[in-house]
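Note: the block below is entry.txt and it holds compact mmCIF, C-alpha atoms.
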# COMPACT_ATOMS: atom_id res chain seq x y z
CA MET A 290 -1.81 4.07 5.73
CA ALA A 291 -5.51 4.58 5.08
CA LEU A 292 -5.01 3.69 1.41
CA TYR A 293 -3.23 0.46 2.30
CA LEU A 294 -5.66 -0.56 5.04
CA THR A 295 -8.68 0.15 2.82
CA TRP A 296 -7.11 -1.70 -0.13
CA CYS A 297 -6.49 -4.76 2.07
CA ASP A 298 -9.99 -4.64 3.55
CA GLU A 299 -11.63 -4.45 0.12
CA ARG A 300 -9.73 -7.57 -0.94
CA GLY A 301 -10.14 -9.51 2.29
CA LEU A 302 -6.39 -9.47 2.98
CA ARG A 303 -4.75 -9.32 6.39
CA TRP A 304 -2.92 -6.00 6.45
CA SER A 305 -0.29 -7.41 8.79
CA GLU A 306 0.70 -10.21 6.38
CA PRO A 307 0.73 -8.62 2.93
CA GLY A 308 3.07 -10.95 1.04
CA PHE A 309 5.32 -9.82 -1.79
CA GLU A 310 2.80 -10.37 -4.60
CA ASN A 311 0.14 -8.37 -2.77
CA LEU A 312 2.62 -5.51 -2.23
CA LEU A 313 3.28 -5.49 -5.96
CA CYS A 314 -0.47 -5.43 -6.65
CA PHE A 315 -0.94 -2.60 -4.15
CA ARG A 316 1.78 -0.54 -5.83
CA GLU A 317 0.26 -1.19 -9.27
CA TRP A 318 -3.14 -0.14 -7.92
CA LEU A 319 -1.65 3.09 -6.60
CA VAL A 320 -0.53 4.20 -10.07
CA SER A 321 -3.33 2.72 -12.18
CA VAL A 322 -6.47 3.84 -10.34
CA PRO A 323 -7.49 7.46 -10.99
CA LEU A 324 -7.36 9.89 -8.08
CA PRO A 325 -10.66 11.35 -6.90
CA PRO A 326 -11.42 14.83 -8.28
CA ARG A 327 -10.31 17.84 -6.24
CA GLY A 328 -12.77 20.62 -5.51
CA CYS A 329 -15.18 21.99 -8.09
CA LYS A 330 -12.59 22.68 -10.77
CA ASN A 331 -12.53 20.89 -14.10
CA GLN A 332 -13.56 17.40 -12.98
CA SER A 333 -13.16 16.04 -16.51
CA VAL A 334 -9.38 15.87 -16.02
CA ILE A 335 -8.38 12.40 -14.86
CA ARG A 336 -5.36 12.39 -12.56
CA PHE A 337 -3.13 9.49 -11.55
CA ARG A 338 -0.42 9.11 -8.93
CA GLN A 339 3.12 9.39 -10.17
CA ASP A 340 5.59 6.54 -9.58
CA GLY A 341 7.39 8.63 -6.95
CA SER A 342 4.17 9.17 -5.02
CA ALA A 343 3.31 5.47 -5.15
CA ASN A 344 6.79 4.61 -3.92
CA ALA A 345 6.44 7.10 -1.06
CA VAL A 346 3.11 5.53 -0.01
CA LEU A 347 4.64 2.05 -0.18
CA GLY A 348 7.67 3.22 1.83
CA THR A 349 5.45 4.68 4.56
CA MET A 350 3.36 1.53 4.67
CA THR A 351 6.52 -0.61 4.90
CA GLN A 352 7.81 1.47 7.81
CA PHE A 353 4.46 1.00 9.55
CA LEU A 354 4.73 -2.77 9.14
CA LEU A 355 8.22 -2.65 10.65
CA PHE A 356 6.92 -0.53 13.52
CA GLY A 357 4.12 -3.06 14.06
CA VAL A 358 6.60 -5.79 15.01
CA GLY A 359 7.32 -4.17 18.41
CA PRO A 360 3.76 -4.25 19.76
CA GLY A 361 3.14 -7.64 18.11
CA TRP A 362 0.75 -6.48 15.39
CA VAL A 363 3.06 -7.83 12.68
CA SER A 364 5.09 -11.05 12.91
CA GLU A 365 8.86 -10.77 12.84
CA GLN A 366 8.82 -13.06 9.81
CA VAL A 367 7.08 -10.37 7.74
CA ALA A 368 9.69 -7.76 8.66
CA SER A 369 12.80 -9.92 8.28
CA PRO A 370 14.56 -10.08 4.93
CA ARG A 371 14.41 -13.45 3.23
CA HIS A 372 17.47 -14.76 1.49
CA PRO A 373 17.18 -17.52 -1.09
CA ALA A 374 18.88 -20.74 -0.08

In structure tokens, how does this file's structure come out?
Amino acid sequence: MALYLTWCDERGLRWSEPGFENLLCFREWLVSVPLPPRGCKNQSVIRFRQDGSANAVLGTMTQFLLFGVGPGWVSEQVASPRHPA
């Protein structure tokens, strides 16, 4: 959640109304931006998230948005599936 909330804040987006295009951009950001180095070990190795990890982050964030409908943090429109007419 912290990744998503920070990403939205840095872009001036409302976290509770992400929009499909912004979710796609967030997922792309997850796999394209290098991870911060871990510890003091070889910091010259650049690491990236795997697709599965990015999907897991996106899934957790999506569940949080669904949870947010109950207390009114997220509109029901964001959580409801949209079907083309």

- Given the choices A:Val322, A:Leu313, A:Val358, A:Leu302, which gets closest to Ile335 in chain A if the distance is worked out from only C-alpha atoms?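 Smallest distance to Ile335 in chain A is found for A:Val322.
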
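Among the candidates A:Ala343, A:Met290, A:Val320, A:Cys329, the one nearest to Ser305 in chain A when counting all atoms listed in the file is A:Met290.
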
- Message: For Leu355 in chain A, find every residue with an atom within 10 Å (counting all atoms listed in the file), except residues of its own chain fewer than 6 positions away, and show them as an NGL selection string.
- Response: :A and (305 or 349 or 362-365 or 367-369)

Could the residues in this selection be saved with C-alpha atoms as a tab-separated table (two decimals), keeping the file's coordinate frame?
chain	number	residue	atom	x	y	z
A	305	SER	CA	-0.29	-7.41	8.79
A	349	THR	CA	5.45	4.68	4.56
A	362	TRP	CA	0.75	-6.48	15.39
A	363	VAL	CA	3.06	-7.83	12.68
A	364	SER	CA	5.09	-11.05	12.91
A	365	GLU	CA	8.86	-10.77	12.84
A	367	VAL	CA	7.08	-10.37	7.74
A	368	ALA	CA	9.69	-7.76	8.66
A	369	SER	CA	12.80	-9.92	8.28

In Å, with one decimal, what is the gap from CA of Phe353 in chain A to CA of Gly308 in chain A?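 Spanning CA of Phe353 in chain A to CA of Gly308 in chain A is a straight-line distance of 14.7 Å.
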
- Excluding same-chain residues fewer than 2 positions from Gln339 in chain A, what lies within 12 Å of it counting all atoms listed in the file, as a count of residues only? 17

If you count all atoms listed in the file, the residue of A:Met350, A:Asp340, A:Gly361, A:Gly328 closest to Pro307 in chain A turns out to be A:Met350

One-decimal distance in Å that lies between CA of Tyr293 in chain A and CA of Leu354 in chain A
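These atoms are spaced 11.0 Å apart.
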
### Task
Would you mind telling me which residue in A:Gln366, A:Leu347, A:Ser333, A:Gly359 lies nearest to Phe315 in chain A when using all atoms listed in the file?
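Between A:Gln366, A:Leu347, A:Ser333, A:Gly359, the residue approaching Phe315 in chain A most closely is A:Leu347.
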
Checklist line | Between CA of Ala291 in chain A and CA of Arg327 in chain A - distance in Å to one decimal | finding: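 Value for the CA of Arg327 in chain A-CA of Ala291 in chain A distance: 18.1 Å.
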